[in-house]
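Text of the file entry_18.tsv, holding TSV, C-alpha atoms:
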chain	number	residue	atom	x	y	z
A	27	MET	CA	-25.34	23.08	-5.19
A	28	ARG	CA	-24.21	19.45	-5.55
A	29	ARG	CA	-20.85	18.62	-4.01
A	30	SER	CA	-18.11	17.10	-6.12
A	31	PRO	CA	-17.95	13.30	-5.84
A	32	LEU	CA	-15.40	11.81	-3.48
A	33	TYR	CA	-12.83	9.59	-5.18
A	34	THR	CA	-12.01	6.53	-3.08
A	35	PHE	CA	-9.09	4.31	-4.00
A	36	VAL	CA	-8.61	0.84	-2.54
A	37	ILE	CA	-4.83	0.43	-2.50
A	38	CYS	CA	-4.34	-3.28	-2.01
A	39	PRO	CA	-2.21	-6.01	-3.61
A	40	ASN	CA	-3.75	-8.92	-5.48
A	41	ASN	CA	-4.96	-11.92	-3.45
A	42	SER	CA	-5.45	-9.70	-0.40
A	43	GLY	CA	-9.19	-9.13	-0.14
A	44	SER	CA	-9.56	-6.03	-2.29
A	45	THR	CA	-12.56	-7.39	-4.22
A	46	LEU	CA	-14.34	-8.20	-0.95
A	47	LEU	CA	-13.58	-4.70	0.31
A	48	VAL	CA	-14.95	-3.05	-2.84
A	49	ARG	CA	-18.10	-5.15	-2.64
A	50	LEU	CA	-18.54	-4.12	0.98
A	51	LEU	CA	-18.22	-0.46	-0.02
A	52	ALA	CA	-20.78	-1.09	-2.76
A	53	THR	CA	-23.41	-2.03	-0.16
A	54	SER	CA	-23.76	1.73	0.29
A	55	ASP	CA	-26.29	3.24	-2.08
A	56	GLN	CA	-23.97	6.25	-2.34
A	57	VAL	CA	-21.23	4.29	-4.12
A	58	SER	CA	-20.38	3.67	-7.77
A	59	VAL	CA	-17.99	0.82	-8.61
A	60	PHE	CA	-16.82	-0.36	-12.00
A	61	ASP	CA	-18.64	-3.13	-13.83
A	62	SER	CA	-15.37	-4.78	-14.86
A	63	MET	CA	-13.33	-7.81	-13.87
A	64	ASN	CA	-12.99	-7.63	-10.08
A	65	HIS	CA	-14.22	-4.00	-10.35
A	66	GLU	CA	-10.74	-2.92	-11.49
A	67	GLY	CA	-10.22	0.31	-13.40
A	68	GLN	CA	-7.11	-1.02	-15.10
A	69	TRP	CA	-9.14	-3.44	-17.24
A	70	LEU	CA	-11.48	-0.69	-18.39
A	71	VAL	CA	-8.48	1.29	-19.59
A	72	HIS	CA	-7.02	-1.82	-21.19
A	73	ARG	CA	-10.27	-2.24	-23.14
A	74	ASP	CA	-10.91	1.38	-24.13
A	75	ASP	CA	-7.46	3.02	-24.33
A	76	PRO	CA	-4.76	0.40	-23.75
A	77	GLU	CA	-1.81	2.78	-24.10
A	78	ALA	CA	-3.09	5.17	-21.42
A	79	MET	CA	-1.60	3.27	-18.46
A	80	PRO	CA	0.58	0.22	-17.80
A	81	ILE	CA	-1.36	-3.03	-17.47
A	82	PRO	CA	0.03	-6.43	-16.41
A	83	ASP	CA	0.94	-8.57	-19.38
A	84	THR	CA	-1.43	-11.52	-18.99
A	85	GLU	CA	0.95	-13.78	-20.88
A	86	SER	CA	3.94	-13.06	-18.65
A	87	ASP	CA	4.89	-13.35	-14.99
A	88	GLU	CA	3.61	-9.80	-14.36
A	89	LEU	CA	0.08	-11.07	-13.68
A	90	ARG	CA	-0.33	-11.30	-9.89
A	91	ASN	CA	3.39	-10.53	-9.72
A	92	TRP	CA	3.65	-6.96	-11.05
A	93	THR	CA	6.35	-5.86	-8.59
A	94	THR	CA	8.82	-7.67	-10.85
A	95	ASN	CA	8.57	-4.71	-13.25
A	96	GLU	CA	8.96	-1.54	-11.21
A	97	ALA	CA	10.30	0.33	-14.24
A	98	LYS	CA	6.97	-0.17	-15.94
A	99	PHE	CA	4.42	0.36	-13.19
A	100	ALA	CA	6.16	3.11	-11.22
A	101	ASP	CA	7.06	5.30	-14.21
A	102	PRO	CA	4.95	8.50	-14.11
A	103	GLN	CA	5.48	9.00	-17.84
A	104	ARG	CA	3.44	5.89	-18.60
A	105	TYR	CA	0.27	7.29	-17.00
A	106	HIS	CA	-1.72	9.56	-19.31
A	107	TRP	CA	-4.08	10.92	-16.72
A	108	GLU	CA	-6.56	12.83	-18.82
A	109	ARG	CA	-7.17	9.70	-20.89
A	110	ILE	CA	-7.41	7.51	-17.79
A	111	LYS	CA	-9.86	9.91	-16.20
A	112	ALA	CA	-11.96	9.99	-19.37
A	113	VAL	CA	-12.33	6.19	-19.29
A	114	TRP	CA	-13.11	6.04	-15.59
A	115	HIS	CA	-15.56	8.93	-15.62
A	116	ARG	CA	-17.50	7.29	-18.44
A	117	ALA	CA	-17.75	4.11	-16.38
A	118	TRP	CA	-18.65	5.58	-12.98
A	119	ASP	CA	-22.16	6.73	-12.12
A	120	LEU	CA	-21.30	10.38	-11.55
A	121	GLY	CA	-24.57	10.88	-9.73
A	122	LYS	CA	-23.18	8.91	-6.78
A	123	ALA	CA	-21.37	10.63	-3.92
A	124	VAL	CA	-18.48	8.16	-3.71
A	125	LEU	CA	-16.58	6.84	-6.76
A	126	VAL	CA	-14.52	3.72	-6.00
A	127	GLU	CA	-11.53	2.35	-7.91
A	128	LYS	CA	-9.08	-0.44	-7.25
A	129	SER	CA	-6.33	-1.88	-9.40
A	130	PRO	CA	-3.69	-3.89	-7.52
A	131	PRO	CA	-0.67	-2.62	-9.50
A	132	MET	CA	-1.54	0.91	-8.38
A	133	VAL	CA	0.14	-0.07	-5.11
A	134	MET	CA	3.31	0.91	-7.00
A	135	ALA	CA	1.96	4.24	-8.27
A	136	ALA	CA	-0.48	5.27	-5.53
A	137	PRO	CA	1.21	8.64	-4.87
A	138	LEU	CA	0.35	9.60	-8.45
A	139	LEU	CA	-3.36	9.12	-7.69
A	140	GLN	CA	-2.98	11.57	-4.82
A	141	GLU	CA	-1.58	14.14	-7.23
A	142	GLN	CA	-4.34	13.66	-9.80
A	143	PHE	CA	-7.62	13.25	-7.88
A	144	ALA	CA	-9.29	15.52	-5.35
A	145	PRO	CA	-11.06	15.20	-3.08
A	146	ALA	CA	-9.79	11.68	-2.53
A	147	ARG	CA	-9.63	8.99	0.14
A	148	PHE	CA	-7.25	6.04	0.27
A	149	ILE	CA	-7.92	2.70	1.94
A	150	VAL	CA	-4.64	0.80	2.28
A	151	SER	CA	-4.74	-2.91	3.11
A	152	VAL	CA	-2.57	-6.04	3.19
A	153	ARG	CA	-2.91	-9.76	3.95
A	154	SER	CA	-0.84	-12.45	5.66
A	155	PRO	CA	2.10	-13.55	3.50
A	156	TYR	CA	1.14	-17.20	3.93
A	157	ALA	CA	-2.41	-16.93	2.60
A	158	PHE	CA	-1.21	-14.48	-0.03
A	159	ALA	CA	1.51	-16.79	-1.35
A	160	GLU	CA	-0.77	-19.83	-1.36
A	161	GLY	CA	-3.41	-17.93	-3.30
A	162	VAL	CA	-0.93	-16.70	-5.90
A	163	ARG	CA	0.46	-20.22	-6.35
A	164	ARG	CA	-3.03	-21.64	-6.72
A	165	LYS	CA	-4.14	-19.01	-9.22
A	166	ARG	CA	-0.94	-18.67	-11.29
A	167	GLY	CA	1.27	-21.63	-10.46
A	168	TYR	CA	4.26	-19.57	-9.30
A	169	PRO	CA	6.56	-21.13	-6.70
A	170	LEU	CA	5.78	-19.99	-3.17
A	171	SER	CA	9.18	-18.32	-3.02
A	172	VAL	CA	8.27	-16.13	-6.02
A	173	ALA	CA	4.88	-15.26	-4.56
A	174	THR	CA	6.45	-14.41	-1.20
A	175	ALA	CA	9.02	-12.14	-2.83
A	176	HIS	CA	6.11	-10.31	-4.47
A	177	TRP	CA	4.44	-10.02	-1.04
A	178	VAL	CA	7.61	-8.52	0.43
A	179	ARG	CA	7.98	-5.95	-2.33
A	180	SER	CA	4.31	-4.98	-2.33
A	181	SER	CA	4.24	-4.80	1.47
A	182	ARG	CA	7.21	-2.44	1.55
A	183	LEU	CA	5.32	-0.29	-0.93
A	184	GLN	CA	2.25	-0.41	1.31
A	185	LEU	CA	4.30	0.82	4.24
A	186	ARG	CA	5.39	3.71	2.03
A	187	ASN	CA	1.79	4.32	0.93
A	188	ARG	CA	0.56	4.28	4.50
A	189	ALA	CA	3.08	7.01	5.25
A	190	VAL	CA	2.71	9.25	2.19
A	191	LEU	CA	-0.99	9.04	1.29
A	192	ARG	CA	-2.35	11.89	3.35
A	193	GLY	CA	-4.92	10.80	5.90
A	194	SER	CA	-5.16	7.26	4.51
A	195	LEU	CA	-7.03	4.52	6.37
A	196	PHE	CA	-5.04	1.33	6.99
A	197	PHE	CA	-6.20	-2.10	8.13
A	198	ARG	CA	-5.40	-5.71	7.30
A	199	TYR	CA	-7.58	-8.33	5.61
A	200	GLU	CA	-7.55	-10.24	8.90
A	201	ASP	CA	-8.85	-7.20	10.80
A	202	LEU	CA	-11.78	-6.88	8.40
A	203	CYS	CA	-12.68	-10.57	8.63
A	204	GLN	CA	-12.29	-10.88	12.37
A	205	SER	CA	-14.13	-7.64	13.28
A	206	PRO	CA	-16.20	-6.51	10.29
A	207	GLU	CA	-18.42	-4.21	12.36
A	208	THR	CA	-15.39	-2.46	13.86
A	209	ILE	CA	-13.71	-1.99	10.47
A	210	ALA	CA	-16.97	-0.82	8.90
A	211	ALA	CA	-17.29	1.78	11.66
A	212	ARG	CA	-13.74	2.98	10.94
A	213	ILE	CA	-14.52	3.23	7.23
A	214	LEU	CA	-17.72	5.19	7.90
A	215	GLU	CA	-15.85	7.56	10.20
A	216	TYR	CA	-13.26	8.06	7.44
A	217	ILE	CA	-15.85	8.36	4.64
A	218	PRO	CA	-19.13	9.54	6.20
A	219	GLU	CA	-20.51	10.12	2.70
A	220	LEU	CA	-21.08	6.36	2.52
A	221	GLY	CA	-23.99	6.61	4.93
A	222	ARG	CA	-24.07	2.93	5.87
A	223	LEU	CA	-22.40	-0.39	5.08
A	224	ASP	CA	-24.03	-3.83	5.29
A	225	VAL	CA	-21.47	-6.16	6.87
A	226	GLY	CA	-24.05	-8.93	7.13
A	227	ARG	CA	-24.57	-9.26	3.40
A	228	ALA	CA	-23.46	-12.43	1.61
A	229	PHE	CA	-20.84	-11.90	-1.08
A	230	ASP	CA	-19.40	-14.11	-3.82
A	231	ILE	CA	-16.03	-14.91	-2.27
A	232	MET	CA	-13.59	-17.51	-3.52
A	233	GLY	CA	-16.29	-19.19	-5.59
A	234	GLU	CA	-18.84	-19.43	-2.81
A	235	ARG	CA	-21.62	-17.27	-1.47
A	236	SER	CA	-20.62	-16.23	2.03
A	237	THR	CA	-20.81	-13.49	4.58
A	238	ILE	CA	-17.47	-11.97	5.51
A	239	ARG	CA	-15.16	-14.64	6.90
A	240	ASP	CA	-11.43	-15.25	7.06
A	241	PHE	CA	-10.25	-17.62	4.30
A	242	ASN	CA	-6.69	-17.74	5.64
A	243	GLY	CA	-7.38	-21.02	7.41
A	244	ASP	CA	-8.43	-22.59	4.12
A	245	SER	CA	-5.14	-21.47	2.56
A	246	LEU	CA	-3.09	-22.81	5.45
A	247	GLY	CA	-4.91	-26.13	5.20
A	248	ARG	CA	-3.64	-26.49	1.65
A	249	MET	CA	0.01	-26.05	2.67
A	250	SER	CA	2.52	-28.54	4.01
A	251	ALA	CA	5.31	-27.98	6.50
A	252	ALA	CA	7.68	-27.78	3.53
A	253	ASP	CA	5.49	-25.07	1.99
A	254	LEU	CA	5.67	-23.01	5.16
A	255	GLU	CA	9.44	-23.46	5.25
A	256	GLU	CA	9.71	-22.24	1.64
A	257	ILE	CA	7.75	-19.09	2.54
A	258	ASN	CA	9.78	-18.55	5.72
A	259	THR	CA	13.02	-18.85	3.77
A	260	ALA	CA	11.79	-16.17	1.35
A	261	LEU	CA	10.83	-13.97	4.32
A	262	ALA	CA	14.30	-14.19	5.88
A	263	GLY	CA	15.80	-10.73	6.21
A	264	HIS	CA	12.40	-9.04	6.03
A	265	GLU	CA	11.38	-9.34	9.65
A	266	ASP	CA	10.99	-5.56	9.75
A	267	VAL	CA	8.10	-5.80	7.27
A	268	LEU	CA	6.40	-8.57	9.23
A	269	GLU	CA	6.71	-6.60	12.45
A	270	ALA	CA	5.51	-3.34	10.93
A	271	LEU	CA	2.37	-5.05	9.59
A	272	GLY	CA	1.70	-7.12	12.69
A	273	TYR	CA	2.48	-10.58	11.29
A	274	GLU	CA	4.53	-13.43	12.76
A	275	ARG	CA	6.29	-16.39	11.19
A	276	LEU	CA	4.27	-19.60	11.10
A	277	VAL	CA	5.81	-23.02	11.70
A	278	ARG	CA	3.99	-26.35	11.53
A	279	ALA	CA	5.16	-28.82	14.13

Can the structure in the file be given as structure tokens, please?
Amino acid sequence: MRRSPLYTFVICPNNSGSTLLVRLLATSDQVSVFDSMNHEGQWLVHRDDPEAMPIPDTESDELRNWTTNEAKFADPQRYHWERIKAVWHRAWDLGKAVLVEKSPPMVMAAPLLQEQFAPARFIVSVRSPYAFAEGVRRKRGYPLSVATAHWVRSSRLQLRNRAVLRGSLFFRYEDLCQSPETIAARILEYIPELGRLDVGRAFDIMGERSTIRDFNGDSLGRMSAADLEEINTALAGHEDVLEALGYERLVRA
């Protein structure tokens, strides 16, 4: 008798390596991922049943900054789960053992996924606030202070998710890039149904074909001392988040 597929949710903010992580998971022949923009389930729902779940308004400051609208994205009444599941199940290959989904705004509503899907696994991840803020500014043009405030809010939510998502696996973008074999081994221990992962494969990352590497240095190279100061000012009062996630303030001499 065939076992039920294992739902695997990548709970990760935007600009934090979630697409790379999904593509790494997809190197397993046991995995089904969505054929949608950045493999995100939210865009499938937006296309097929747009009122079934909240989606960032692409014409507003919600895009890559969805924590500005907690009332929208954290409201359980706005998630019509049977309709969401219908869209996702049509898009997944249900013959695969592991069904993967990631939509960055689900960082706000991740506990709802735990209520709705079983059996399920949750991979929770974050990225340095400096690379995160630079990426958001480059992609959307927001001031670094706005992007950093989004990082703070989403990171506090990730600390909550790490605590409340039962048996979740947590690591940082930097951990994956610096020790891909170690992180892949942790993922395989957590989800043995994957069988194997190919950490040596080249992926399309940031517009280039590359094996797994840390792009944080590229982001830092695009920032001035004034940029770092703007981020540090926005981080003031949130040292507890930095410490809990293993990050330190950066200062350019």

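If you look at CA of Asn64 (chain A) and CA of Asp224 (chain A), they are 19.3 Å away from each other.
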
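Of the listed residues A:Thr45, A:Ser250, A:Ser54, A:Ser245, the one whose atoms come nearest to Glu66 (chain A) is A:Thr45, with distances taken using all atoms listed in the file.
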
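The interatomic distance for the pair CA of Lys128 (chain A) and CA of Leu268 (chain A) works out to 24.0 Å.
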
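Protein and nucleic acid residues near (-12.4, 4.1, 10.3) are Arg147, Phe148, Ile149, Val150, Gly193, Ser194, Leu195, Phe196, Phe197, Asp201, Leu202, Pro206, Glu207, Thr208, Ile209, Ala210, Ala211, Arg212, Ile213, Leu214, Glu215, Tyr216, Ile217, Pro218 and Leu220 of chain A, the criterion being any atom at most 12 Å away using all atoms listed in the file.
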
Compile the contact shell of Met132 (chain A) as a VMD selection string: residues with an atom at most 8 Å away, counting only C-alpha atoms, same-chain residues fewer than 4 positions apart removed.
-> chain A and resid 37 99 128 136

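The shortest atom-to-atom distance to Asn91 (chain A), with all atoms listed in the file taken into account, belongs to A:His176 out of A:Arg275, A:Arg198, A:Arg188, A:His176.
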
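For the pair CA of Leu276 (chain A) and CA of Ala159 (chain A), the interatomic distance is 13.1 Å.
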
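For the point (-3.1, -4.1, -3.8) in file coordinates, the residues within 9 Å, using all atoms listed in the file, are Val36, Ile37, Cys38, Pro39, Asn40, Asn41, Ser42, Gly43, Ser44, Lys128, Ser129, Pro130, Pro131, Met132, Val133, Met134, Val150, Ser151, Val152, Ser180 and Gln184 of chain A.
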
Expected file: the selected residues, C-alpha atoms, as a compact mmCIF listing (two decimals), in the frame of the given file:
# COMPACT_ATOMS: atom_id res chain seq x y z
CA VAL A 36 -8.61 0.84 -2.54
CA ILE A 37 -4.83 0.43 -2.50
CA CYS A 38 -4.34 -3.28 -2.01
CA PRO A 39 -2.21 -6.01 -3.61
CA ASN A 40 -3.75 -8.92 -5.48
CA ASN A 41 -4.96 -11.92 -3.45
CA SER A 42 -5.45 -9.70 -0.40
CA GLY A 43 -9.19 -9.13 -0.14
CA SER A 44 -9.56 -6.03 -2.29
CA LYS A 128 -9.08 -0.44 -7.25
CA SER A 129 -6.33 -1.88 -9.40
CA PRO A 130 -3.69 -3.89 -7.52
CA PRO A 131 -0.67 -2.62 -9.50
CA MET A 132 -1.54 0.91 -8.38
CA VAL A 133 0.14 -0.07 -5.11
CA MET A 134 3.31 0.91 -7.00
CA VAL A 150 -4.64 0.80 2.28
CA SER A 151 -4.74 -2.91 3.11
CA VAL A 152 -2.57 -6.04 3.19
CA SER A 180 4.31 -4.98 -2.33
CA GLN A 184 2.25 -0.41 1.31

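For the residues A:Ala78, A:Ala157, A:Leu223, A:Leu271, ranking by smallest atom-to-atom distance to Asp244 (chain A) using only C-alpha atoms places A:Ala157 first.
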
Nearest to Val277 (chain A) by atom-to-atom distance, counting all atoms listed in the file, from A:Tyr168, A:Gly233, A:Tyr156, A:Arg227 | A:Tyr156

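With distances restricted to all atoms listed in the file, A:Leu170 is the closest residue to Met249 (chain A) from A:Arg222, A:Leu170, A:Ala175, A:His264.
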
Skipping near chain neighbours, those fewer than 6 positions away, what residues fall within 9 Å of Leu46 (chain A) using all atoms listed in the file, listed as a ChimeraX atom specification?
-> /A:229-231,238

From the coordinates I just gave you, please extract region 159-259 of chain A so that only C-alpha atoms remain, then output it as a CSV table (one decimal), in the first residue's frame.
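Result file follows (result29.csv):
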chain,number,residue,atom,x,y,z
A,159,ALA,CA,18.2,44.6,3.0
A,160,GLU,CA,20.5,45.2,0.1
A,161,GLY,CA,18.6,42.6,-2.0
A,162,VAL,CA,15.2,44.1,-1.2
A,163,ARG,CA,16.5,47.6,-2.1
A,164,ARG,CA,18.0,46.4,-5.4
A,165,LYS,CA,14.8,44.5,-6.4
A,166,ARG,CA,12.2,46.9,-5.2
A,167,GLY,CA,13.9,50.2,-4.5
A,168,TYR,CA,12.8,50.5,-0.9
A,169,PRO,CA,15.1,52.4,1.5
A,170,LEU,CA,17.4,50.1,3.5
A,171,SER,CA,15.6,51.2,6.7
A,172,VAL,CA,12.3,49.9,5.3
A,173,ALA,CA,13.9,46.6,4.2
A,174,THR,CA,15.6,46.2,7.6
A,175,ALA,CA,12.3,46.8,9.4
A,176,HIS,CA,10.8,44.0,7.3
A,177,TRP,CA,13.8,41.7,8.2
A,178,VAL,CA,13.2,42.4,11.9
A,179,ARG,CA,9.5,41.6,11.7
A,180,SER,CA,9.9,38.5,9.6
A,181,SER,CA,12.8,37.3,11.8
A,182,ARG,CA,10.7,37.6,15.0
A,183,LEU,CA,8.1,35.6,13.2
A,184,GLN,CA,10.8,33.0,12.3
A,185,LEU,CA,11.8,32.7,16.0
A,186,ARG,CA,8.1,32.0,16.7
A,187,ASN,CA,7.9,29.5,13.9
A,188,ARG,CA,11.0,27.7,15.1
A,189,ALA,CA,9.4,27.3,18.4
A,190,VAL,CA,5.8,26.4,17.4
A,191,LEU,CA,6.3,24.3,14.3
A,192,ARG,CA,6.6,20.8,15.8
A,193,GLY,CA,10.0,19.2,15.0
A,194,SER,CA,10.9,21.9,12.4
A,195,LEU,CA,14.4,22.0,11.0
A,196,PHE,CA,16.2,25.4,11.3
A,197,PHE,CA,19.3,26.7,9.6
A,198,ARG,CA,20.5,29.9,8.1
A,199,TYR,CA,21.3,30.8,4.4
A,200,GLU,CA,24.9,31.2,5.5
A,201,ASP,CA,25.0,27.7,7.0
A,202,LEU,CA,23.8,26.2,3.8
A,203,CYS,CA,26.3,28.1,1.6
A,204,GLN,CA,29.3,27.6,3.9
A,205,SER,CA,28.7,23.9,4.6
A,206,PRO,CA,26.3,22.5,1.9
A,207,GLU,CA,27.2,18.9,2.6
A,208,THR,CA,26.5,19.3,6.4
A,209,ILE,CA,23.2,21.0,5.8
A,210,ALA,CA,22.2,18.4,3.2
A,211,ALA,CA,22.9,15.6,5.7
A,212,ARG,CA,20.7,17.4,8.2
A,213,ILE,CA,17.9,17.7,5.7
A,214,LEU,CA,18.2,14.0,4.8
A,215,GLU,CA,18.1,13.0,8.4
A,216,TYR,CA,15.0,15.1,8.8
A,217,ILE,CA,13.4,13.9,5.6
A,218,PRO,CA,14.8,10.5,4.7
A,219,GLU,CA,12.1,10.1,2.1
A,220,LEU,CA,14.3,12.4,-0.1
A,221,GLY,CA,16.8,9.6,-0.6
A,222,ARG,CA,19.7,11.9,-1.8
A,223,LEU,CA,20.5,15.5,-2.6
A,224,ASP,CA,23.0,16.7,-5.1
A,225,VAL,CA,24.9,19.6,-3.5
A,226,GLY,CA,27.3,19.8,-6.4
A,227,ARG,CA,24.8,20.7,-9.0
A,228,ALA,CA,24.9,24.1,-10.6
A,229,PHE,CA,21.7,26.2,-10.1
A,230,ASP,CA,20.5,29.4,-11.7
A,231,ILE,CA,21.2,31.8,-8.8
A,232,MET,CA,21.0,35.6,-9.0
A,233,GLY,CA,21.1,35.5,-12.8
A,234,GLU,CA,24.1,33.2,-13.1
A,235,ARG,CA,24.7,29.5,-13.3
A,236,SER,CA,26.6,28.5,-10.1
A,237,THR,CA,27.0,25.8,-7.6
A,238,ILE,CA,26.0,26.7,-4.1
A,239,ARG,CA,27.9,29.7,-2.9
A,240,ASP,CA,27.4,32.6,-0.5
A,241,PHE,CA,26.2,35.8,-2.3
A,242,ASN,CA,26.4,37.9,0.9
A,243,GLY,CA,29.8,39.2,0.0
A,244,ASP,CA,28.4,40.5,-3.3
A,245,SER,CA,25.7,42.3,-1.5
A,246,LEU,CA,28.1,43.9,1.0
A,247,GLY,CA,30.3,45.0,-1.9
A,248,ARG,CA,27.4,47.1,-3.2
A,249,MET,CA,26.9,48.9,0.1
A,250,SER,CA,28.7,52.0,1.5
A,251,ALA,CA,29.5,52.8,5.1
A,252,ALA,CA,26.5,55.0,5.1
A,253,ASP,CA,24.3,52.1,4.0
A,254,LEU,CA,25.6,49.9,6.8
A,255,GLU,CA,24.9,52.7,9.3
A,256,GLU,CA,21.3,53.0,7.9
A,257,ILE,CA,20.8,49.3,8.5
A,258,ASN,CA,22.4,49.4,12.0
A,259,THR,CA,20.1,52.3,13.0
